[in-house]
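The file query_22.pdb contains PDB, C-alpha atoms:
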MODEL        1
ATOM      1  CA  MET W   1      -9.492 -42.445 -47.915  1.00  0.00           C
ATOM      2  CA  ASP W   2     -12.431 -44.622 -48.943  1.00  0.00           C
ATOM      3  CA  ALA W   3     -14.738 -42.519 -51.142  1.00  0.00           C
ATOM      4  CA  ALA W   4     -17.776 -43.665 -49.138  1.00  0.00           C
ATOM      5  CA  GLN W   5     -16.130 -42.216 -46.025  1.00  0.00           C
ATOM      6  CA  ALA W   6     -14.879 -38.980 -47.642  1.00  0.00           C
ATOM      7  CA  LEU W   7     -15.431 -35.735 -45.797  1.00  0.00           C
ATOM      8  CA  PHE W   8     -15.394 -32.582 -47.878  1.00  0.00           C
ATOM      9  CA  PRO W   9     -14.058 -29.485 -46.082  1.00  0.00           C
ATOM     10  CA  TYR W  10     -15.483 -26.025 -46.674  1.00  0.00           C
ATOM     11  CA  VAL W  11     -13.346 -24.378 -49.382  1.00  0.00           C
ATOM     12  CA  GLY W  12     -15.536 -21.377 -50.178  1.00  0.00           C
ATOM     13  CA  PRO W  13     -15.077 -17.714 -49.337  1.00  0.00           C
ATOM     14  CA  PRO W  14     -14.983 -16.510 -45.717  1.00  0.00           C
ATOM     15  CA  GLY W  15     -18.234 -14.484 -45.918  1.00  0.00           C
ATOM     16  CA  PRO W  16     -20.658 -17.435 -45.790  1.00  0.00           C
ATOM     17  CA  ALA W  17     -18.565 -19.199 -43.139  1.00  0.00           C
ATOM     18  CA  ALA W  18     -18.883 -16.081 -40.944  1.00  0.00           C
ATOM     19  CA  LEU W  19     -22.675 -16.689 -40.863  1.00  0.00           C
ATOM     20  CA  VAL W  20     -22.250 -19.981 -38.946  1.00  0.00           C
ATOM     21  CA  ARG W  21     -23.597 -19.843 -35.384  1.00  0.00           C
ATOM     22  CA  PRO W  22     -22.941 -22.431 -32.657  1.00  0.00           C
ATOM     23  CA  GLY W  23     -25.662 -25.052 -32.496  1.00  0.00           C
ATOM     24  CA  VAL W  24     -27.424 -23.844 -35.664  1.00  0.00           C
ATOM     25  CA  ARG W  25     -27.631 -26.324 -38.550  1.00  0.00           C
ATOM     26  CA  GLY W  26     -30.108 -27.489 -41.134  1.00  0.00           C
ATOM     27  CA  ARG W  27     -33.070 -29.625 -40.101  1.00  0.00           C
ATOM     28  CA  ALA W  28     -32.118 -33.289 -39.618  1.00  0.00           C
ATOM     29  CA  VAL W  29     -34.084 -35.697 -41.804  1.00  0.00           C
ATOM     30  CA  ARG W  30     -34.077 -39.146 -40.212  1.00  0.00           C
ATOM     31  CA  GLY W  31     -37.505 -40.194 -41.495  1.00  0.00           C
ATOM     32  CA  PRO W  32     -40.258 -39.057 -43.864  1.00  0.00           C
ATOM     33  CA  GLY W  33     -42.028 -37.109 -41.108  1.00  0.00           C
ATOM     34  CA  ASP W  34     -39.005 -34.819 -40.795  1.00  0.00           C
ATOM     35  CA  LEU W  35     -39.833 -33.366 -44.227  1.00  0.00           C
ATOM     36  CA  GLU W  36     -43.058 -31.791 -42.975  1.00  0.00           C
ATOM     37  CA  PRO W  37     -43.320 -28.966 -43.532  1.00  0.00           C
ATOM     38  CA  LEU W  38     -40.685 -28.548 -46.226  1.00  0.00           C
ATOM     39  CA  PRO W  39     -38.499 -25.473 -45.738  1.00  0.00           C
ATOM     40  CA  ALA W  40     -39.249 -24.483 -49.359  1.00  0.00           C
ATOM     41  CA  ASP W  41     -42.240 -23.922 -51.583  1.00  0.00           C
ATOM     42  CA  PRO W  42     -43.541 -27.082 -53.276  1.00  0.00           C
ATOM     43  CA  GLY W  43     -41.467 -27.770 -56.372  1.00  0.00           C
ATOM     44  CA  GLU W  44     -38.560 -25.602 -55.180  1.00  0.00           C
ATOM     45  CA  PRO W  45     -35.401 -27.434 -54.152  1.00  0.00           C
ATOM     46  CA  CYS W  46     -33.878 -27.254 -50.678  1.00  0.00           C
ATOM     47  CA  THR W  47     -30.260 -26.749 -49.738  1.00  0.00           C
ATOM     48  CA  TYR W  48     -28.936 -29.991 -48.271  1.00  0.00           C
ATOM     49  CA  VAL W  49     -25.849 -31.505 -46.709  1.00  0.00           C
ATOM     50  CA  VAL W  50     -25.076 -34.974 -45.433  1.00  0.00           C
ATOM     51  CA  ASP W  51     -23.181 -34.353 -42.200  1.00  0.00           C
ATOM     52  CA  ARG W  52     -20.195 -36.281 -40.879  1.00  0.00           C
ATOM     53  CA  GLU W  53     -22.543 -38.737 -39.099  1.00  0.00           C
ATOM     54  CA  GLY W  54     -24.338 -39.452 -42.387  1.00  0.00           C
ATOM     55  CA  VAL W  55     -27.518 -37.515 -41.484  1.00  0.00           C
ATOM     56  CA  LEU W  56     -29.322 -35.597 -44.227  1.00  0.00           C
ATOM     57  CA  ARG W  57     -29.877 -31.950 -43.240  1.00  0.00           C
ATOM     58  CA  ILE W  58     -32.057 -29.516 -45.199  1.00  0.00           C
ATOM     59  CA  ALA W  59     -32.620 -25.758 -45.244  1.00  0.00           C
ATOM     60  CA  PRO W  60     -34.336 -23.241 -47.534  1.00  0.00           C
ATOM     61  CA  ARG W  61     -32.844 -23.176 -51.035  1.00  0.00           C
ATOM     62  CA  ARG W  62     -30.761 -20.032 -50.827  1.00  0.00           C
ATOM     63  CA  SER W  63     -29.242 -20.972 -47.482  1.00  0.00           C
ATOM     64  CA  GLU W  64     -25.495 -21.385 -47.359  1.00  0.00           C
ATOM     65  CA  HIS W  65     -24.339 -25.003 -47.282  1.00  0.00           C
ATOM     66  CA  VAL W  66     -21.715 -24.189 -44.646  1.00  0.00           C
ATOM     67  CA  VAL W  67     -24.463 -22.812 -42.351  1.00  0.00           C
ATOM     68  CA  CYS W  68     -26.630 -25.894 -42.976  1.00  0.00           C
ATOM     69  CA  ALA W  69     -23.603 -27.977 -41.942  1.00  0.00           C
ATOM     70  CA  GLY W  70     -22.865 -25.888 -38.844  1.00  0.00           C
ATOM     71  CA  GLY W  71     -19.449 -25.055 -40.305  1.00  0.00           C
ATOM     72  CA  GLU W  72     -18.382 -28.710 -40.322  1.00  0.00           C
ATOM     73  CA  PRO W  73     -17.011 -30.852 -43.172  1.00  0.00           C
ATOM     74  CA  VAL W  74     -19.695 -32.833 -45.011  1.00  0.00           C
ATOM     75  CA  ARG W  75     -20.099 -36.140 -46.826  1.00  0.00           C
ATOM     76  CA  ALA W  76     -22.239 -34.429 -49.511  1.00  0.00           C
ATOM     77  CA  ALA W  77     -23.811 -31.054 -50.311  1.00  0.00           C
ATOM     78  CA  GLY W  78     -26.046 -29.626 -53.007  1.00  0.00           C
ATOM     79  CA  GLU W  79     -29.699 -29.024 -53.803  1.00  0.00           C
ATOM     80  CA  MET W  80     -32.550 -31.501 -53.449  1.00  0.00           C
ATOM     81  CA  GLY W  81     -36.189 -31.356 -54.535  1.00  0.00           C
ATOM     82  CA  PHE W  82     -38.961 -33.442 -52.997  1.00  0.00           C
ATOM     83  CA  LEU W  83     -42.377 -34.572 -54.195  1.00  0.00           C
ATOM     84  CA  ARG W  84     -45.085 -36.145 -52.101  1.00  0.00           C
ATOM     85  CA  GLY W  85     -47.048 -38.903 -53.786  1.00  0.00           C
ATOM     86  CA  LEU W  86     -48.411 -38.506 -57.278  1.00  0.00           C
ATOM     87  CA  ARG W  87     -48.641 -34.817 -58.253  1.00  0.00           C
ATOM     88  CA  GLY W  88     -48.342 -33.660 -54.666  1.00  0.00           C
ATOM     89  CA  ALA W  89     -51.141 -35.863 -53.294  1.00  0.00           C
ATOM     90  CA  ALA W  90     -50.674 -37.709 -50.028  1.00  0.00           C
ATOM     91  CA  GLY W  91     -48.258 -40.580 -50.344  1.00  0.00           C
ATOM     92  CA  PRO W  92     -44.589 -41.392 -49.861  1.00  0.00           C
ATOM     93  CA  TRP W  93     -41.925 -38.706 -50.174  1.00  0.00           C
ATOM     94  CA  THR W  94     -39.690 -38.947 -53.241  1.00  0.00           C
ATOM     95  CA  VAL W  95     -36.577 -37.042 -54.227  1.00  0.00           C
ATOM     96  CA  ASP W  96     -37.282 -35.852 -57.752  1.00  0.00           C
ATOM     97  CA  ALA W  97     -34.103 -33.795 -58.243  1.00  0.00           C
ATOM     98  CA  VAL W  98     -30.723 -33.870 -56.513  1.00  0.00           C
ATOM     99  CA  SER W  99     -27.368 -32.306 -57.322  1.00  0.00           C
ATOM    100  CA  ASN W 100     -23.957 -31.913 -55.781  1.00  0.00           C
ATOM    101  CA  LEU W 101     -23.974 -28.194 -56.627  1.00  0.00           C
ATOM    102  CA  SER W 102     -22.203 -26.557 -53.712  1.00  0.00           C
ATOM    103  CA  THR W 103     -19.441 -24.121 -54.615  1.00  0.00           C
ATOM    104  CA  GLY W 104     -18.544 -23.867 -50.921  1.00  0.00           C
ATOM    105  CA  TYR W 105     -17.757 -27.590 -50.577  1.00  0.00           C
ATOM    106  CA  CYS W 106     -17.215 -28.624 -54.233  1.00  0.00           C
ATOM    107  CA  PRO W 107     -18.046 -32.287 -53.500  1.00  0.00           C
ATOM    108  CA  ASP W 108     -16.861 -35.017 -55.824  1.00  0.00           C
ATOM    109  CA  LEU W 109     -19.363 -37.226 -57.626  1.00  0.00           C
ATOM    110  CA  THR W 110     -18.540 -40.010 -55.152  1.00  0.00           C
ATOM    111  CA  ALA W 111     -20.649 -38.045 -52.642  1.00  0.00           C
ATOM    112  CA  TRP W 112     -23.677 -39.780 -54.181  1.00  0.00           C
ATOM    113  CA  ARG W 113     -23.027 -42.815 -51.966  1.00  0.00           C
ATOM    114  CA  ALA W 114     -23.523 -40.716 -48.827  1.00  0.00           C
ATOM    115  CA  VAL W 115     -26.691 -39.124 -50.259  1.00  0.00           C
ATOM    116  CA  ALA W 116     -28.154 -42.502 -51.217  1.00  0.00           C
ATOM    117  CA  ALA W 117     -27.347 -44.011 -47.814  1.00  0.00           C
ATOM    118  CA  ALA W 118     -28.885 -41.057 -45.920  1.00  0.00           C
ATOM    119  CA  LEU W 119     -32.082 -41.186 -48.000  1.00  0.00           C
ATOM    120  CA  ASP W 120     -32.347 -44.966 -47.681  1.00  0.00           C
ATOM    121  CA  ARG W 121     -31.973 -44.762 -43.871  1.00  0.00           C
ATOM    122  CA  ALA W 122     -34.655 -42.059 -43.805  1.00  0.00           C
ATOM    123  CA  GLY W 123     -37.051 -44.151 -45.912  1.00  0.00           C
ATOM    124  CA  ILE W 124     -37.292 -41.597 -48.707  1.00  0.00           C
ATOM    125  CA  HIS W 125     -37.520 -42.765 -52.326  1.00  0.00           C
ATOM    126  CA  ARG W 126     -34.638 -41.569 -54.486  1.00  0.00           C
ATOM    127  CA  PRO W 127     -33.210 -41.652 -58.002  1.00  0.00           C
ATOM    128  CA  GLU W 128     -30.273 -43.921 -58.859  1.00  0.00           C
ATOM    129  CA  GLY W 129     -27.797 -41.034 -58.935  1.00  0.00           C
ATOM    130  CA  PHE W 130     -27.480 -37.275 -59.093  1.00  0.00           C
ATOM    131  CA  THR W 131     -30.063 -35.886 -61.499  1.00  0.00           C
ATOM    132  CA  HIS W 132     -27.698 -32.950 -62.059  1.00  0.00           C
ATOM    133  CA  ALA W 133     -24.065 -33.895 -61.472  1.00  0.00           C
ATOM    134  CA  VAL W 134     -21.448 -31.131 -61.221  1.00  0.00           C
ATOM    135  CA  VAL W 135     -17.744 -31.799 -61.749  1.00  0.00           C
ATOM    136  CA  PHE W 136     -15.430 -29.535 -59.726  1.00  0.00           C
ATOM    137  CA  ARG W 137     -11.664 -29.188 -60.212  1.00  0.00           C
ATOM    138  CA  ARG W 138      -9.019 -26.850 -58.797  1.00  0.00           C
ATOM    139  CA  CYS W 139      -6.597 -25.404 -61.331  1.00  0.00           C
ATOM    140  CA  GLU W 140      -3.093 -26.478 -60.390  1.00  0.00           C
ATOM    141  CA  SER W 141      -1.693 -23.378 -62.076  1.00  0.00           C
ATOM    142  CA  CYS W 142      -3.761 -20.472 -60.676  1.00  0.00           C
ATOM    143  CA  ARG W 143      -5.557 -22.404 -57.836  1.00  0.00           C
ATOM    144  CA  ALA W 144      -9.057 -21.302 -58.963  1.00  0.00           C
ATOM    145  CA  CYS W 145     -11.977 -23.663 -58.379  1.00  0.00           C
ATOM    146  CA  ASN W 146     -13.715 -24.550 -61.638  1.00  0.00           C
ATOM    147  CA  VAL W 147     -16.964 -26.161 -62.699  1.00  0.00           C
ATOM    148  CA  VAL W 148     -16.172 -28.502 -65.607  1.00  0.00           C
ATOM    149  CA  ARG W 149     -18.768 -28.182 -68.345  1.00  0.00           C
ATOM    150  CA  GLU W 150     -19.223 -30.520 -71.310  1.00  0.00           C
ATOM    151  CA  ASP W 151     -16.047 -32.476 -70.393  1.00  0.00           C
ATOM    152  CA  TRP W 152     -13.937 -29.356 -71.066  1.00  0.00           C
ATOM    153  CA  TYR W 153     -11.163 -29.712 -68.450  1.00  0.00           C
ATOM    154  CA  VAL W 154      -9.658 -26.248 -68.946  1.00  0.00           C
ATOM    155  CA  CYS W 155      -9.431 -23.493 -66.322  1.00  0.00           C
ATOM    156  CA  ALA W 156     -11.918 -20.692 -66.921  1.00  0.00           C
ATOM    157  CA  LEU W 157      -9.417 -18.130 -65.592  1.00  0.00           C
ATOM    158  CA  CYS W 158      -6.002 -19.069 -66.980  1.00  0.00           C
ATOM    159  CA  ASP W 159      -6.740 -21.704 -69.677  1.00  0.00           C
ATOM    160  CA  ALA W 160      -4.495 -24.308 -68.019  1.00  0.00           C
ATOM    161  CA  ASP W 161      -5.517 -27.946 -68.273  1.00  0.00           C
ATOM    162  CA  LEU W 162      -7.469 -29.229 -65.270  1.00  0.00           C
ATOM    163  CA  PRO W 163      -6.728 -32.608 -63.683  1.00  0.00           C
ATOM    164  CA  ALA W 164      -8.936 -35.592 -64.486  1.00  0.00           C
ATOM    165  CA  ARG W 165      -9.307 -36.503 -60.793  1.00  0.00           C
ATOM    166  CA  TRP W 166     -11.050 -34.489 -58.061  1.00  0.00           C
ATOM    167  CA  ASN W 167      -8.453 -32.331 -56.295  1.00  0.00           C
ATOM    168  CA  ILE W 168     -10.284 -29.846 -54.052  1.00  0.00           C
ATOM    169  CA  GLY W 169      -9.754 -29.860 -50.307  1.00  0.00           C
ATOM    170  CA  HIS W 170      -7.737 -32.343 -48.261  1.00  0.00           C
ATOM    171  CA  GLY W 171      -4.658 -30.114 -48.484  1.00  0.00           C
ATOM    172  CA  SER W 172      -5.066 -29.303 -52.175  1.00  0.00           C
TER     173      SER W 172
ENDMDL
END
Step by step, read the file and then write its structure as structure tokens.
Amino acid sequence: MDAAQALFPYVGPPGPAALVRPGVRGRAVRGPGDLEPLPADPGEPCTYVVDREGVLRIAPRRSEHVVCAGGEPVRAAGEMGFLRGLRGAAGPWTVDAVSNLSTGYCPDLTAWRAVAAALDRAGIHRPEGFTHAVVFRRCESCRACNVVREDWYVCALCDADLPARWNIGHGS
């Protein structure tokens, strides 16, 4: 599958997925006006997903990504912070922080392409990549999902080596 077209399935625990309700998803952001008002305090990041259609959706920070996505697979998920103009003054919206931190979807770093495309379509200024990139791997020995820190590709539960390539979801 082309990385730009990748869909990441929900791989988290069943509890958050049970909170999904038909027709309830995060707010669609198709243009700068869709950010007003932000669903978070100024300076606090929002939960976000890029849905299967490539639309950015946002919700308050501690919302579950799977609820923001309406239970569907996503092209990207994480946290995103917005600033308006210089020091909060009126002006264009800018993403000042963005991650792929979603332990429910564990998106690969290639998800940046979907984030960048969604922000560009919406006319929102963005950085050149994730400002906080998280590397996820599933242990092939004990099947635990791991966050790789400091390039240490070793399972936190069983000490087995973790694969170099993303391996979560898609039948993993």
Residue among W:Pro92, W:Gly123, W:Gly85, W:Gly78 lying closest to Gly31 (chain W), counting all atoms listed in the file: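 Closest to Gly31 (chain W), using all atoms listed in the file: W:Gly123.
One finds CA of Gly91 (chain W) at 21.5 Å from CA of Arg57 (chain W).
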Need the shell around Ser102 (chain W): protein/DNA/RNA residues with any atom at most 7 Å away, counting all atoms listed in the file. Skip same-chain ones fewer than 2 positions apart. Format as a PyMOL selection string? chain W and resi 65+77-78+100+104-106
Using C-alpha atoms, can you write the selected residues to a file as a compact mmCIF listing (two decimals), in the frame of the given file?
# COMPACT_ATOMS: atom_id res chain seq x y z
CA HIS W 65 -24.34 -25.00 -47.28
CA ALA W 77 -23.81 -31.05 -50.31
CA GLY W 78 -26.05 -29.63 -53.01
CA ASN W 100 -23.96 -31.91 -55.78
CA GLY W 104 -18.54 -23.87 -50.92
CA TYR W 105 -17.76 -27.59 -50.58
CA CYS W 106 -17.22 -28.62 -54.23
Atom pair CA of Thr103 (chain W) + CA of Arg21 (chain W), distance 20.1 Å
Q: Give me the residues within 6 Å of Glu79 (chain W) as a list of chain:residue names, counting all atoms listed in the file and dropping any in the same chain fewer than 5 places off.
A: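 Counting only the stated atoms, we get W:Pro45, W:Cys46, W:Thr47, W:Tyr48, W:Val98, W:Ser99.
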Practice problem: Figure out the distance between CA of Pro9 (chain W) and CA of Ser63 (chain W), please, to one decimal in Å. | Solution: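 About the pair CA of Ser63 (chain W) and CA of Pro9 (chain W): they are 17.5 Å apart.
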Please expand the PyMOL selection byres ((chain W and resi 16) around 9) into the concrete residues it hits in this file, giving the result as a PDB file with C-alpha atoms, in the frame of the given file.
ATOM      1  CA  GLY W  12     -15.536 -21.377 -50.178  1.00  0.00           C
ATOM      2  CA  PRO W  13     -15.077 -17.714 -49.337  1.00  0.00           C
ATOM      3  CA  PRO W  14     -14.983 -16.510 -45.717  1.00  0.00           C
ATOM      4  CA  GLY W  15     -18.234 -14.484 -45.918  1.00  0.00           C
ATOM      5  CA  ALA W  17     -18.565 -19.199 -43.139  1.00  0.00           C
ATOM      6  CA  ALA W  18     -18.883 -16.081 -40.944  1.00  0.00           C
ATOM      7  CA  LEU W  19     -22.675 -16.689 -40.863  1.00  0.00           C
ATOM      8  CA  VAL W  20     -22.250 -19.981 -38.946  1.00  0.00           C
ATOM      9  CA  GLU W  64     -25.495 -21.385 -47.359  1.00  0.00           C
ATOM     10  CA  HIS W  65     -24.339 -25.003 -47.282  1.00  0.00           C
ATOM     11  CA  VAL W  66     -21.715 -24.189 -44.646  1.00  0.00           C
ATOM     12  CA  VAL W  67     -24.463 -22.812 -42.351  1.00  0.00           C
ATOM     13  CA  GLY W 104     -18.544 -23.867 -50.921  1.00  0.00           C
TER      14      GLY W 104
END
Skip Arg149 (chain W) itself and residues of its chain fewer than 4 positions away, then list as a short mmCIF file (atom, residue, chain, number, x, y, z; two decimals) with C-alpha atoms, keeping the file's coordinate frame all residues within 12 Å of it, counting only C-alpha atoms.
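The resulting out.cif:
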data_model
loop_
_atom_site.label_atom_id
_atom_site.label_comp_id
_atom_site.auth_asym_id
_atom_site.auth_seq_id
_atom_site.Cartn_x
_atom_site.Cartn_y
_atom_site.Cartn_z
CA HIS W 132 -27.70 -32.95 -62.06
CA ALA W 133 -24.06 -33.90 -61.47
CA VAL W 134 -21.45 -31.13 -61.22
CA VAL W 135 -17.74 -31.80 -61.75
CA PHE W 136 -15.43 -29.54 -59.73
CA ARG W 137 -11.66 -29.19 -60.21
CA TYR W 153 -11.16 -29.71 -68.45
CA VAL W 154 -9.66 -26.25 -68.95
CA CYS W 155 -9.43 -23.49 -66.32
CA ALA W 156 -11.92 -20.69 -66.92
CA LEU W 162 -7.47 -29.23 -65.27
#
Closest of W:Pro22, W:Gly54, W:Ser141, W:Glu44 to Ala116 (chain W), counting only C-alpha atoms, is W:Gly54
Exercise for the section: Check what the PyMOL selection byres ((chain W and resi 129) around 8) selects in the file above and give those residues as a PyMOL selection string. Expected result: chain W and resi 112+116+127-128+130-131
Considering only C-alpha atoms, can you say which of W:Cys139, W:Leu7, W:Val147, W:Leu35 comes closest to Asn167 (chain W)?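 The closest residue to Asn167 (chain W) is W:Cys139.
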message = Residue by residue, what does the PyMOL selection byres ((chain W and resi 113) around 9) grab here? Present the result as a ChimeraX atom specification.
response = /W:3-4,75-76,109-112,114-118,129
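Across W:Pro39, W:Gly81, W:Pro32, W:Gly26, the tightest approach to Ile124 (chain W) is made by W:Pro32 when counting only C-alpha atoms.
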Among listed residues W:Ala160, W:Ala40, W:Ala97, W:Leu56, nearest Asp120 (chain W) (using only C-alpha atoms)
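Under the stated criterion, the closest residue is W:Leu56.
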Find the residues near Val55 (chain W): any atom within 8 Å, counting only C-alpha atoms, skip ones fewer than 2 places away on the same chain, and give them as a compact mmCIF listing (two decimals) with C-alpha atoms, keeping the file's coordinate frame.
# COMPACT_ATOMS: atom_id res chain seq x y z
CA ALA W 28 -32.12 -33.29 -39.62
CA VAL W 29 -34.08 -35.70 -41.80
CA ARG W 30 -34.08 -39.15 -40.21
CA VAL W 50 -25.08 -34.97 -45.43
CA ASP W 51 -23.18 -34.35 -42.20
CA ARG W 52 -20.20 -36.28 -40.88
CA GLU W 53 -22.54 -38.74 -39.10
CA ARG W 57 -29.88 -31.95 -43.24
CA ALA W 118 -28.88 -41.06 -45.92
Name the closest residue to Arg165 (chain W) among the candidates W:Asp41, W:Asp151, W:Glu72, W:Asp108; distances are taken between atoms, counting only C-alpha atoms.
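Looking only at the distances to Arg165 (chain W), the closest residue turns out to be W:Asp108.
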Starting from 4 Å padding per side, set up an axis-aligned box that covers all listed atoms of region 37-48 of chain W and hand over centre and edge lengths in Å, one decimal, as AutoDock Vina command-line options.
--center_x -36.2 --center_y -27.0 --center_z -50.0 --size_x 22.6 --size_y 14.1 --size_z 20.8
